[in-house]
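The structure appears below as structure tokens.
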Amino acid sequence: MNVDLSHLRKDFPIFERRIGDHPNHFLDSAASSQKPIQVLEAMDRFARTNYANVHRGAYRLSVEATEAYEAARRRAASFIDASSPDEVVLCRGATTALNMVAHGWGGEHLRPGDRILLTLMEHHANVVPWQMVARRTGARLDHVPLTDEYHLDLEALERMLDDDVKVVAVTGMSNVLGTIPPIDRVVEAAHSVGAVTVVDGAQLVPHLGVNVRTLGADFVAFSAHKMLGPTGIGVLWGKMERLEEMEPFEGGGEMISDVQLHHATWAAIPHRFEAGTPPIIEAVGLTAALDYLDEVGMDNVAAHDRELTAYALSRLAEIPDVTVYGPPTVEGRGGVISFTLGDVHPHDLATILDERGVSVRAGHHCAKPLMRNLGVPATARASFYLYNTLEDVDALVDGLERAAALFGT
């Protein structure tokens, strides 16, 4: 299925800018995506005409702002097909959401001898919080390995599962390898031993679309800024029975029902998890971003990703000394390609590509345990989204060929 989304590029003001003498070939959407004019204008319009603090005021501006903020919760719930908007907690981003689960659920329910299973390809945001909770509770961390083709080793997962496993935390799509684990099978296996499942959906939700009811996980976290929205806002979705088992991660205003001198009681879910003044303007941006993605159609976004990824894998294979880290075909992978070029340091590679208007990420990508497993200190990474074109891939390949010539690889 070939999908031409090139007409969408006009919606993104950033592409009116040239990088030096070159067109803007932005290939770093896995870090943060660009924003369409519809999102930028919605936020600007709200800030100019409707802004006020939410939930507290009886005056018109506050009532309107509260409605706009709660509309974002309803919109996010609809986008992921949640059973109720009350299952959606609006927070700072996927990192905050995963910390909420690790500390709010794990900190309350894990005990010495319990085990937490992570995978070797997790982002630090789905590693470090669990390390912190393990130290505090006495639980133990174990790590599910990968196959030779960079897929999650499901046989190893099944061998590692037993009644001591209380949490299985897994990425929905690796931000380094592009690997998309079969979450349904992971969830089924984890639930067979009574473990809670936590999905880092920061890369998955923006690209494939997610129905949380059919996915079956207990928690899913994602961020607006990786799906055409602003920074500073994200979503923690959780099954209501799991949210009821959590303690708040933060205390303060908004999240309480009552406060006495020596104790407090919590507000109803989801508000008990949203302490303080929330990201109000950003919530408006999130709503606009989800509207935009739904208008494009997530099936079209996914098909476009597959086409670009297949083309990029084919073109990169033409360059001697390029090593790609990730599944060799588009099956079971998304639009993230990490690579090295001979002995050229990825930061040098990124600098050379930037001189030709190609923006890629270079470094450990907040996945140091995976880098050590791959046997490299860093990689360069190109990542695609709905505004990218085949010409962007060609520019990447041209830049790599220039780098190979410069360094004599």
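Identifiers in the structure tokens: chain A, B, ... in order shown; residue index from 1 per chain; ligand index from 1 in order shown.
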
> Tell me, which residues of segment 73-289 of chain A carry DSSP strand (DSSP E or B), written as a PyMOL selection string?
Replying inline: chain A and resi 88-91+115-119+140-144+146+152+165-171+179+196-200+219-223+234-238+256-259+264-266

Restrict the selected residues to C-alpha atoms and save them as a tab-separated table (two decimals), in the first residue's frame.
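File written: result.tsv
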```tsv
chain	number	residue	atom	x	y	z
A	88	VAL	CA	-6.44	9.23	30.90
A	89	VAL	CA	-4.01	11.13	33.11
A	90	LEU	CA	-2.53	14.24	31.51
A	91	CYS	CA	1.06	14.78	32.58
A	115	ARG	CA	11.06	-9.42	39.85
A	116	ILE	CA	10.69	-6.71	37.23
A	117	LEU	CA	11.29	-7.72	33.61
A	118	LEU	CA	12.55	-5.08	31.19
A	119	THR	CA	13.96	-5.57	27.70
A	140	ARG	CA	15.10	-7.43	41.31
A	141	LEU	CA	15.52	-6.40	37.68
A	142	ASP	CA	15.96	-8.89	34.84
A	143	HIS	CA	16.30	-8.16	31.14
A	144	VAL	CA	14.81	-9.98	28.16
A	146	LEU	CA	17.04	-9.82	21.62
A	152	LEU	CA	12.45	-9.41	21.16
A	165	VAL	CA	7.51	-11.54	38.13
A	166	LYS	CA	5.21	-8.67	39.09
A	167	VAL	CA	5.95	-6.18	36.30
A	168	VAL	CA	6.82	-6.53	32.62
A	169	ALA	CA	7.80	-3.16	31.13
A	170	VAL	CA	8.38	-3.04	27.38
A	171	THR	CA	8.79	-0.49	24.63
A	179	THR	CA	11.82	-2.96	16.59
A	196	VAL	CA	1.31	-5.99	35.39
A	197	THR	CA	2.30	-4.78	31.91
A	198	VAL	CA	3.66	-1.30	31.21
A	199	VAL	CA	4.13	-0.12	27.62
A	200	ASP	CA	6.36	2.82	26.71
A	219	PHE	CA	-0.54	0.98	31.37
A	220	VAL	CA	0.50	2.88	28.23
A	221	ALA	CA	2.55	6.10	28.21
A	222	PHE	CA	3.11	8.53	25.34
A	223	SER	CA	4.12	12.14	24.62
A	234	GLY	CA	1.78	13.62	27.57
A	235	VAL	CA	-0.57	10.85	28.57
A	236	LEU	CA	-0.62	8.01	31.03
A	237	TRP	CA	-3.43	5.63	30.22
A	238	GLY	CA	-4.21	2.93	32.73
A	256	ILE	CA	-6.76	16.60	46.81
A	257	SER	CA	-10.29	16.17	48.10
A	258	ASP	CA	-9.46	17.65	51.50
A	259	VAL	CA	-6.37	18.75	53.41
A	264	ALA	CA	-4.99	14.75	53.20
A	265	THR	CA	-7.42	12.77	51.10
A	266	TRP	CA	-7.14	12.43	47.35
```

>> So that I can check the secondary structure, give me every residue of segment 231-283 of chain A assigned helix (DSSP H, G or I) by backbone DSSP, as number ranges by chain.
In response: A: 240-243, 271-273, 280-283

Considering only C-alpha atoms, return as a CSV table (one decimal) with N, CA and C atoms, in the first residue's frame whatever protein or nucleic-acid residues lie within 10 Å of segment 278-287 of chain A, sequence-local ones (same chain, fewer than 2 positions apart) excluded.
```csv
chain,number,residue,atom,x,y,z
A,35,LYS,N,5.7,20.6,14.0
A,35,LYS,CA,4.3,20.9,14.3
A,35,LYS,C,3.6,21.5,13.1
A,38,GLN,N,-1.8,24.0,12.0
A,38,GLN,CA,-3.1,23.8,12.7
A,38,GLN,C,-2.8,23.8,14.2
A,39,VAL,N,-1.7,23.1,14.6
A,39,VAL,CA,-1.4,23.0,16.1
A,39,VAL,C,-0.9,24.4,16.6
A,40,LEU,N,0.0,25.0,15.8
A,40,LEU,CA,0.5,26.3,16.3
A,40,LEU,C,-0.5,27.3,16.4
A,41,GLU,N,-1.4,27.4,15.4
A,41,GLU,CA,-2.5,28.4,15.5
A,41,GLU,C,-3.5,28.1,16.6
A,42,ALA,N,-3.8,26.9,16.9
A,42,ALA,CA,-4.8,26.5,17.9
A,42,ALA,C,-4.2,27.0,19.3
A,43,MET,N,-2.9,26.8,19.5
A,43,MET,CA,-2.3,27.2,20.8
A,43,MET,C,-2.2,28.7,20.9
A,44,ASP,N,-1.8,29.3,19.8
A,44,ASP,CA,-1.7,30.8,19.8
A,44,ASP,C,-3.1,31.4,20.0
A,45,ARG,N,-4.1,30.9,19.3
A,45,ARG,CA,-5.5,31.5,19.4
A,45,ARG,C,-6.0,31.3,20.9
A,46,PHE,N,-5.8,30.2,21.5
A,46,PHE,CA,-6.2,30.0,22.9
A,46,PHE,C,-5.5,30.9,23.8
A,47,ALA,N,-4.2,31.0,23.6
A,47,ALA,CA,-3.4,31.9,24.5
A,47,ALA,C,-3.8,33.4,24.4
A,50,ASN,N,-8.5,32.9,25.1
A,50,ASN,CA,-9.2,32.1,26.1
A,50,ASN,C,-8.5,31.7,27.3
A,51,TYR,N,-7.2,32.1,27.5
A,51,TYR,CA,-6.4,31.6,28.5
A,51,TYR,C,-6.8,32.0,29.9
A,52,ALA,N,-6.9,31.1,30.8
A,52,ALA,CA,-7.0,31.3,32.3
A,52,ALA,C,-6.7,30.0,32.9
A,53,ASN,N,-6.5,30.0,34.3
A,53,ASN,CA,-6.3,28.7,35.0
A,53,ASN,C,-7.6,27.9,35.0
A,54,VAL,N,-7.4,26.6,35.2
A,54,VAL,CA,-8.5,25.7,35.0
A,54,VAL,C,-9.0,25.2,36.4
A,65,ALA,N,-11.5,27.7,29.6
A,65,ALA,CA,-10.2,27.1,29.7
A,65,ALA,C,-10.3,25.6,30.2
A,66,THR,N,-11.1,25.5,31.2
A,66,THR,CA,-11.4,24.2,31.8
A,66,THR,C,-11.9,23.2,30.8
A,68,ALA,N,-11.6,23.4,27.5
A,68,ALA,CA,-10.6,23.1,26.5
A,68,ALA,C,-9.6,22.1,27.1
A,69,TYR,N,-9.2,22.2,28.4
A,69,TYR,CA,-8.3,21.2,29.0
A,69,TYR,C,-8.9,19.9,29.1
A,70,GLU,N,-10.2,19.8,29.5
A,70,GLU,CA,-10.8,18.5,29.6
A,70,GLU,C,-11.2,17.9,28.3
A,71,ALA,N,-11.3,18.8,27.3
A,71,ALA,CA,-11.5,18.3,25.9
A,71,ALA,C,-10.3,17.5,25.4
A,72,ALA,N,-9.1,17.9,25.9
A,72,ALA,CA,-7.9,17.2,25.5
A,72,ALA,C,-7.9,15.8,26.1
A,73,ARG,N,-8.4,15.7,27.3
A,73,ARG,CA,-8.5,14.3,27.9
A,73,ARG,C,-9.4,13.4,27.1
A,74,ARG,N,-10.6,14.0,26.8
A,74,ARG,CA,-11.5,13.2,26.0
A,74,ARG,C,-11.0,12.9,24.6
A,75,ARG,N,-10.3,13.8,24.0
A,75,ARG,CA,-9.7,13.6,22.7
A,75,ARG,C,-8.6,12.5,22.8
A,76,ALA,N,-7.8,12.5,23.8
A,76,ALA,CA,-6.8,11.5,23.9
A,76,ALA,C,-7.4,10.1,24.2
A,79,PHE,N,-8.7,8.9,20.9
A,79,PHE,CA,-7.6,8.5,20.0
A,79,PHE,C,-7.1,7.1,20.2
A,90,LEU,N,-3.4,13.3,32.3
A,90,LEU,CA,-2.5,14.2,31.5
A,90,LEU,C,-1.3,14.6,32.4
A,91,CYS,N,-0.2,14.6,31.8
A,91,CYS,CA,1.1,14.8,32.6
A,91,CYS,C,2.1,15.5,31.7
A,92,ARG,N,3.3,15.5,32.2
A,92,ARG,CA,4.4,16.3,31.5
A,92,ARG,C,4.9,15.5,30.2
A,223,SER,N,3.9,10.7,24.6
A,223,SER,CA,4.1,12.1,24.6
A,223,SER,C,3.6,12.8,23.4
A,224,ALA,N,3.1,14.1,23.6
A,224,ALA,CA,2.5,14.8,22.5
A,224,ALA,C,3.6,15.3,21.5
A,225,HIS,N,4.8,15.6,22.0
A,225,HIS,CA,5.8,16.2,21.1
A,225,HIS,C,6.3,15.3,20.1
A,227,MET,N,4.3,13.4,18.4
A,227,MET,CA,3.1,13.2,17.5
A,227,MET,C,2.5,14.5,17.1
A,228,LEU,N,3.3,15.4,16.7
A,228,LEU,CA,2.9,16.7,16.1
A,228,LEU,C,2.5,17.8,17.1
A,229,GLY,N,2.5,17.4,18.4
A,229,GLY,CA,2.0,18.3,19.4
A,229,GLY,C,3.2,19.0,20.1
A,230,PRO,N,2.9,19.8,21.2
A,230,PRO,CA,3.9,20.5,21.9
A,230,PRO,C,4.7,19.7,22.9
A,231,THR,N,5.8,20.2,23.3
A,231,THR,CA,6.5,19.6,24.5
A,231,THR,C,5.7,19.9,25.8
A,232,GLY,N,6.0,19.2,26.8
A,232,GLY,CA,5.4,19.6,28.1
A,232,GLY,C,4.1,18.9,28.4
A,233,ILE,N,3.6,18.0,27.6
A,233,ILE,CA,2.4,17.3,27.9
A,233,ILE,C,2.4,15.9,27.3
A,234,GLY,N,1.9,15.0,28.0
A,234,GLY,CA,1.8,13.6,27.6
A,234,GLY,C,0.6,12.9,28.3
A,235,VAL,N,0.6,11.6,28.1
A,235,VAL,CA,-0.6,10.9,28.6
A,235,VAL,C,-0.1,9.6,29.3
A,254,GLU,N,-5.0,20.8,43.5
A,254,GLU,CA,-5.8,20.1,42.5
A,254,GLU,C,-5.9,18.6,42.7
A,274,GLU,N,-2.8,14.6,39.0
A,274,GLU,CA,-2.5,15.8,38.3
A,274,GLU,C,-2.3,17.0,39.2
A,275,ALA,N,-1.2,16.9,40.0
A,275,ALA,CA,-1.0,18.0,41.0
A,275,ALA,C,-0.5,19.3,40.3
A,276,GLY,N,-1.0,20.4,40.9
A,276,GLY,CA,-0.6,21.7,40.4
A,276,GLY,C,-1.2,22.2,39.2
A,289,ALA,N,-3.3,18.3,17.5
A,289,ALA,CA,-2.4,17.3,16.9
A,289,ALA,C,-3.2,16.0,16.7
A,290,LEU,N,-4.0,15.6,17.6
A,290,LEU,CA,-4.7,14.4,17.5
A,290,LEU,C,-5.8,14.5,16.4
A,291,ASP,N,-6.4,15.7,16.3
A,291,ASP,CA,-7.3,16.0,15.3
A,291,ASP,C,-6.7,15.8,13.9
A,292,TYR,N,-5.5,16.4,13.8
A,292,TYR,CA,-4.7,16.3,12.5
A,292,TYR,C,-4.4,14.9,12.1
```

> Which distance in Å separates atom CA of Phe26 of chain A and atom CA of Val358 of chain A, to one decimal?
Replying inline: 6.0 Å

> What does the distance from atom CA of Gly93 of chain A to atom CA of Met132 of chain A come to in Å, to one decimal?
Replying inline: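 Atom CA of Met132 of chain A lies 18.8 Å from atom CA of Gly93 of chain A.
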
>> Using only C-alpha atoms, can you tell me which of A:Ala189, A:His22, A:Arg136, A:Leu27 comes closest to Ala350 of chain A?
In response: A:Leu27

> Which is closer to Asn2 of chain A than all the others in A:Ser383, A:Thr147, A:Asn300, A:Asn373, using only C-alpha atoms?
Replying inline: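 Nearest candidate to Asn2 of chain A out of A:Ser383, A:Thr147, A:Asn300, A:Asn373: A:Asn300.
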
>> With only C-alpha atoms as the counted atoms, please give the residues lying no more than 12 Å from Val360 of chain A, apart from itself and same-chain residues fewer than 2 positions off, as JSON, numbers by chain.
In response: {"A": [24, 25, 26, 27, 28, 29, 30, 31, 32, 336, 337, 338, 339, 346, 347, 348, 349, 350, 351, 352, 353, 354, 355, 356, 357, 358, 362, 363, 365, 379, 380, 381, 382, 383, 384, 392, 393, 395, 396, 399, 400]}

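Here the question is which of A:Ala403, A:Val205, A:Leu341, A:Ala267 gets nearest to Val324 of chain A using only C-alpha atoms, and that residue is A:Leu341.
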
>> Report as a ChimeraX atom specification all protein, DNA and RNA residues lying within 8 Å of Glu87 of chain A, evaluated on only C-alpha atoms, omitting residues in the same chain fewer than 2 positions from it.
In response: /A:77,82-85,89,237-240,243,269-270

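Between atom CA of Thr95 of chain A and atom CA of Arg242 of chain A the separation is 18.5 Å.
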
>> Excluding Met121 of chain A and its own-chain neighbours fewer than 3 positions away, which residues fall within 8 Å of it when counting only C-alpha atoms? Please give them as a PyMOL selection string.
In response: chain A and resi 171+174+176-177+367+369-370

Could you write out that same residue set with C-alpha atoms as a CSV table (one decimal), in the first residue's frame?
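The result, written out as part-v9.csv:
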```csv
chain,number,residue,atom,x,y,z
A,171,THR,CA,8.8,-0.5,24.6
A,174,SER,CA,12.5,0.9,20.0
A,176,VAL,CA,17.1,2.9,18.4
A,177,LEU,CA,16.3,-0.3,16.5
A,367,ALA,CA,19.6,3.7,25.6
A,369,PRO,CA,22.5,-0.6,28.0
A,370,LEU,CA,21.4,-1.4,24.4
```

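With only C-alpha atoms taken into account, the protein and nucleic acid residues at most 10 Å from Gly342 of chain A (excluding it and anything under 6 positions from it in its own chain) are Pro320, Asp321, Val322, Thr323, Ala404, Phe407, Gly408 and Thr409 of chain A.
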
>> Let me make sure I understand: among A:Arg272, A:Val128, A:Ile319, A:Val3, which one has the smallest atom-to-atom distance to Arg306 of chain A if we use only C-alpha atoms?
In response: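 Under the stated criterion, the closest residue is A:Val3.
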